[in-house]
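Peer 1: Input file: target.cif. Contents: mmCIF, C-alpha atoms.
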```cif
data_start
#
loop_
_atom_site.label_atom_id
_atom_site.label_comp_id
_atom_site.auth_asym_id
_atom_site.auth_seq_id
_atom_site.Cartn_x
_atom_site.Cartn_y
_atom_site.Cartn_z
CA MET A 1 -0.10 -19.00 -11.91
CA ILE A 2 3.17 -17.05 -11.77
CA ARG A 3 4.27 -15.00 -14.76
CA ILE A 4 7.77 -13.54 -14.75
CA ARG A 5 8.46 -10.34 -16.67
CA PRO A 6 12.25 -9.98 -17.04
CA SER A 7 13.73 -6.50 -16.64
CA GLU A 8 15.41 -6.66 -20.03
CA ALA A 9 11.99 -7.21 -21.65
CA ARG A 10 10.73 -3.82 -20.46
CA GLY A 11 10.47 -0.84 -22.72
CA HIS A 12 13.46 1.51 -22.47
CA ALA A 13 14.21 5.07 -23.52
CA ASN A 14 17.23 7.20 -22.71
CA HIS A 15 16.65 10.88 -23.38
CA GLY A 16 19.94 11.97 -21.88
CA TRP A 17 18.40 13.75 -18.91
CA LEU A 18 15.91 10.90 -18.38
CA ASP A 19 16.72 7.19 -18.35
CA THR A 20 13.43 5.32 -18.10
CA TYR A 21 12.19 1.72 -18.13
CA HIS A 22 8.54 0.88 -18.77
CA THR A 23 7.10 -2.31 -17.28
CA PHE A 24 3.91 -1.78 -19.31
CA SER A 25 3.15 0.00 -22.58
CA PHE A 26 3.84 3.71 -22.22
CA ALA A 27 4.64 6.67 -24.49
CA ASN A 28 6.48 5.33 -27.58
CA TYR A 29 6.78 1.82 -26.12
CA TYR A 30 3.83 -0.35 -27.13
CA ASP A 31 3.42 -4.04 -26.37
CA PRO A 32 -0.15 -5.35 -26.69
CA LYS A 33 0.73 -8.25 -24.36
CA ASN A 34 1.78 -5.85 -21.61
CA MET A 35 -0.83 -3.12 -21.32
CA GLY A 36 -1.05 -3.33 -17.55
CA PHE A 37 -2.10 -5.69 -14.79
CA ARG A 38 -5.78 -5.35 -13.90
CA ASP A 39 -6.18 -1.78 -12.56
CA LEU A 40 -2.39 -1.28 -12.51
CA ARG A 41 -1.65 0.61 -15.72
CA VAL A 42 1.93 1.93 -15.41
CA ILE A 43 5.15 1.22 -13.53
CA ASN A 44 7.98 3.40 -14.79
CA GLU A 45 11.42 3.27 -13.24
CA ASP A 46 13.08 6.63 -13.85
CA TRP A 47 16.48 8.20 -13.33
CA ILE A 48 16.35 12.00 -13.78
CA SER A 49 19.55 14.00 -14.05
CA ALA A 50 20.32 16.88 -11.69
CA GLY A 51 18.67 20.12 -12.75
CA LYS A 52 16.29 18.38 -15.17
CA GLY A 53 12.71 17.22 -15.10
CA PHE A 54 9.25 17.05 -16.64
CA GLY A 55 7.77 20.36 -17.73
CA ALA A 56 4.11 21.25 -17.16
CA HIS A 57 1.82 18.51 -18.47
CA PRO A 58 -1.78 17.43 -17.76
CA HIS A 59 -3.32 14.34 -16.16
CA ASN A 60 -6.87 13.29 -15.49
CA ASP A 61 -8.69 10.27 -14.05
CA MET A 62 -5.63 8.45 -12.78
CA GLU A 63 -4.18 7.61 -9.36
CA ILE A 64 -0.43 8.35 -9.61
CA ILE A 65 1.97 7.21 -6.89
CA THR A 66 5.55 8.50 -6.93
CA TYR A 67 8.00 6.51 -4.80
CA ILE A 68 11.46 8.00 -4.30
CA VAL A 69 14.13 5.31 -4.18
CA ASP A 70 17.02 7.76 -3.95
CA GLY A 71 17.32 11.54 -4.35
CA GLU A 72 14.62 14.19 -4.41
CA LEU A 73 11.97 15.59 -6.73
CA SER A 74 10.15 18.93 -6.63
CA HIS A 75 6.51 19.17 -7.67
CA ARG A 76 4.41 22.18 -8.71
CA ASP A 77 0.87 22.12 -10.08
CA SER A 78 -2.03 24.23 -11.36
CA THR A 79 -3.68 24.31 -7.92
CA GLY A 80 -0.71 26.30 -6.58
CA ARG A 81 0.67 23.36 -4.63
CA GLU A 82 4.44 22.97 -4.30
CA ALA A 83 6.32 20.18 -2.54
CA THR A 84 9.67 18.38 -2.56
CA ILE A 85 9.72 14.65 -1.89
CA LYS A 86 12.90 12.81 -0.89
CA ASN A 87 14.22 9.33 -0.05
CA ASP A 88 11.47 7.02 1.23
CA ASP A 89 8.74 9.58 0.47
CA VAL A 90 5.53 8.65 -1.33
CA GLN A 91 3.33 11.14 -3.12
CA ARG A 92 -0.19 10.26 -4.24
CA MET A 93 -1.86 12.41 -6.86
CA SER A 94 -5.49 11.77 -7.74
CA ALA A 95 -5.73 13.56 -11.07
CA GLY A 96 -9.52 13.32 -11.22
CA THR A 97 -11.16 16.10 -13.23
CA GLY A 98 -7.75 17.34 -14.31
CA VAL A 99 -4.52 18.88 -13.11
CA VAL A 100 -1.43 20.34 -14.77
CA HIS A 101 1.86 19.76 -12.96
CA SER A 102 5.63 19.74 -13.38
CA GLU A 103 8.32 17.64 -11.70
CA TYR A 104 11.95 18.71 -11.47
CA ASN A 105 15.10 17.43 -9.87
CA ASN A 106 16.47 20.64 -8.39
CA SER A 107 19.26 18.85 -6.52
CA LYS A 108 22.87 18.27 -7.58
CA ALA A 109 22.49 14.48 -7.90
CA PRO A 110 20.27 12.17 -9.99
CA VAL A 111 16.94 11.05 -8.58
CA HIS A 112 15.84 7.41 -8.85
CA MET A 113 12.12 6.80 -8.55
CA LEU A 114 9.14 4.66 -9.45
CA GLN A 115 5.98 6.13 -10.92
CA ILE A 116 2.94 3.89 -10.49
CA TRP A 117 -0.36 4.63 -12.23
CA ILE A 118 -3.56 2.95 -11.06
CA MET A 119 -6.91 3.44 -12.76
CA PRO A 120 -9.49 4.91 -10.33
CA GLU A 121 -12.76 3.24 -9.50
CA THR A 122 -14.66 6.44 -10.41
CA ASP A 123 -13.92 9.14 -12.97
CA ASP A 124 -14.26 12.91 -12.54
CA LEU A 125 -13.27 13.00 -8.87
CA PRO A 126 -11.84 16.23 -7.44
CA ALA A 127 -8.05 16.43 -7.91
CA SER A 128 -6.13 15.88 -4.65
CA TYR A 129 -2.68 15.10 -3.23
CA GLU A 130 -1.18 13.39 -0.24
CA ASP A 131 2.45 12.95 0.85
CA ARG A 132 3.74 10.30 3.24
CA THR A 133 7.17 9.26 4.52
CA PHE A 134 7.88 5.60 5.28
CA SER A 135 11.24 5.21 6.96
CA PRO A 136 13.57 2.26 6.21
CA VAL A 137 12.84 0.93 9.70
CA GLU A 138 9.13 0.67 8.85
CA LYS A 139 9.90 -1.37 5.73
CA LYS A 140 12.70 -3.52 7.15
CA ASN A 141 11.84 -7.21 6.69
CA ARG A 142 8.12 -6.53 6.55
CA LEU A 143 5.46 -5.51 4.08
CA ARG A 144 4.72 -1.88 4.88
CA LEU A 145 1.38 -0.72 3.49
CA ILE A 146 2.02 2.59 1.68
CA ALA A 147 -1.25 3.08 -0.24
CA SER A 148 -4.73 1.65 0.20
CA HIS A 149 -8.39 2.27 -0.54
CA ASP A 150 -9.22 3.14 3.07
CA GLY A 151 -5.94 4.76 4.16
CA ARG A 152 -5.46 2.21 6.91
CA GLU A 153 -2.24 1.87 8.92
CA GLY A 154 -1.20 5.39 8.01
CA SER A 155 -1.02 4.68 4.28
CA THR A 156 -1.96 7.21 1.64
CA ARG A 157 -5.53 6.85 0.38
CA ILE A 158 -6.19 5.93 -3.27
CA ASN A 159 -9.46 5.78 -5.18
CA GLN A 160 -9.29 2.09 -6.03
CA ASP A 161 -9.71 -1.15 -4.09
CA THR A 162 -5.96 -1.78 -4.18
CA SER A 163 -3.20 -2.17 -1.59
CA VAL A 164 0.39 -1.17 -2.33
CA TYR A 165 3.25 -2.42 -0.13
CA ALA A 166 6.98 -1.71 0.09
CA SER A 167 9.69 -3.80 1.74
CA LEU A 168 13.44 -3.81 2.36
CA LEU A 169 14.18 -7.51 2.75
CA ASP A 170 17.44 -8.83 4.22
CA ASN A 171 19.15 -11.92 2.88
CA GLY A 172 17.52 -15.08 4.20
CA LYS A 173 14.34 -13.36 5.38
CA THR A 174 10.87 -14.50 4.37
CA LEU A 175 7.57 -12.66 4.03
CA ASP A 176 4.10 -14.13 3.58
CA LEU A 177 1.05 -12.49 2.06
CA ASP A 178 -2.25 -14.33 1.89
CA LEU A 179 -4.43 -13.33 -1.05
CA LYS A 180 -8.17 -13.67 -0.60
CA PRO A 181 -10.14 -15.53 -3.30
CA GLY A 182 -10.43 -13.44 -6.43
CA ARG A 183 -7.53 -11.16 -5.48
CA HIS A 184 -4.34 -10.81 -7.50
CA ALA A 185 -0.89 -9.32 -6.97
CA TRP A 186 2.06 -7.83 -8.83
CA VAL A 187 5.58 -7.87 -7.33
CA GLN A 188 8.11 -5.32 -8.60
CA LEU A 189 11.71 -6.00 -7.58
CA VAL A 190 13.93 -2.92 -7.69
CA LYS A 191 17.20 -4.71 -6.92
CA GLY A 192 18.51 -7.96 -5.47
CA GLU A 193 17.19 -11.50 -5.82
CA LEU A 194 13.83 -12.92 -4.82
CA ASP A 195 12.37 -16.41 -4.50
CA LEU A 196 8.61 -16.77 -4.97
CA ASN A 197 6.89 -19.80 -3.47
CA ALA A 198 10.35 -21.36 -3.21
CA PRO A 199 11.65 -23.97 -2.91
CA GLU A 200 8.48 -25.86 -3.84
CA GLU A 201 8.07 -24.13 -7.20
CA GLY A 202 11.66 -23.16 -7.80
CA ARG A 203 10.75 -19.67 -8.98
CA ARG A 204 13.52 -17.12 -8.58
CA SER A 205 13.83 -13.56 -9.75
CA ARG A 206 17.40 -12.37 -10.18
CA ASP A 207 18.54 -8.81 -10.63
CA GLN A 208 22.06 -8.53 -11.92
CA GLN A 209 21.52 -5.10 -13.43
CA ARG A 210 18.30 -3.34 -12.53
CA ASP A 211 15.06 -5.09 -11.60
CA LYS A 212 12.66 -7.88 -12.28
CA ALA A 213 8.89 -7.77 -12.14
CA GLU A 214 6.74 -10.70 -11.20
CA ALA A 215 2.98 -11.09 -11.52
CA CYS A 216 1.48 -13.58 -9.09
CA GLU A 217 -2.09 -14.79 -8.81
CA ARG A 218 -2.05 -16.90 -5.69
CA ARG A 219 -0.66 -17.11 -2.17
CA ARG A 220 3.03 -16.28 -2.32
CA LYS A 221 6.11 -16.59 -0.19
CA TRP A 222 9.01 -14.18 -0.72
CA ARG A 223 12.56 -14.97 0.29
CA GLY A 224 15.29 -12.35 0.09
#
```
Can you present the structure in this file as structure tokens?
Peer 2:
Amino acid sequence: MIRIRPSEARGHANHGWLDTYHTFSFANYYDPKNMGFRDLRVINEDWISAGKGFGAHPHNDMEIITYIVDGELSHRDSTGREATIKNDDVQRMSAGTGVVHSEYNNSKAPVHMLQIWIMPETDDLPASYEDRTFSPVEKKNRLRLIASHDGREGSTRINQDTSVYASLLDNGKTLDLDLKPGRHAWVQLVKGELDLNAPEEGRRSRDQQRDKAEACERRRKWRG
């Protein structure tokens, strides 16, 4: 079964300094039909203005992946850790027993990013972080593993039996991913057009403004 979630159906809030779209219920956006996808709880697509950001706030028992599409974001937390992540960087925060952190765009240009929240397999784990950089070459016309349960292939390690991939797919290129029995997948398209299982099923995701999200529960073929 393929379920298409159009970009215009997402929750949206524009706070001036923050323009954000919520694929699943989040903050003041509530949709009981879109509370997440299995252990995937949140995908927020954010644009943060220069010099602005999220003040100190707490998290616990959540795997949070920040993927920088364009720009940079500076992080500081209650453990004393500070870091700045930029284009093609991925930061994994395992909130575990609890952490307080802030995120600011200290640059002179907006930052465009995805924040992905995945529920952990075990609560009350020690809080931890990991940063990785995945160059455009690594993602070009292939599925580059960026987060996984076992940290294989140089991916960041997350506390859930989940694999997260990123790809930059040229026009006319095709990617295949075989899902084992009982496994499921969510595809989030940031920009462009995408065919799923085409042409047999005639499923196409089009992005004329921002993005489309697609939930798939079978073997898929992607065409850019």
Peer 1: Which residues, named as in the file, does the PyMOL selection byres ((chain A and resi 149-160) around 7) pick out? Answer as a list in words.
Peer 2: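 On the file shown, the PyMOL selection byres ((chain A and resi 149-160) around 7) covers Glu63, Arg92, Pro120, Glu121, Glu130, Arg132, Leu145, Ile146, Ala147, Ser148, Asp161, Thr162 and Ser163 of chain A.
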Peer 1: May I ask for the distance between atom CA of A:Gly16 and atom CA of A:Asn60, given in Å to one decimal place?
Peer 2: 27.6 Å
Peer 1: Run the PyMOL selection byres ((chain A and resi 42) around 10) mentally over the shown coordinates, then write out the matched residues as number ranges by chain, using the chain letters and numbers from the document.
Peer 2: A: 22-26, 34-37, 39-41, 43-45, 64, 114-119
Peer 1: Would you list the contacts of A:Pro58 as a PyMOL selection string, taking every protein, DNA or RNA residue within 9 Å and counting only C-alpha atoms, but skipping same-chain residues closer than 5 positions in sequence?
Peer 2: chain A and resi 95+98-102
Peer 1: Skipping near chain neighbours, those fewer than 5 positions away, what residues fall within 12 Å of A:Ala166 using only C-alpha atoms, listed as a ChimeraX atom specification?
Peer 2: /A:67-69,88-90,114,133-147,155,175,186-190
Peer 1: Would you write out, as a count of residues only, every residue that the PyMOL selection byres ((chain A and resi 14) around 12) captures in this file?
Peer 2: 17
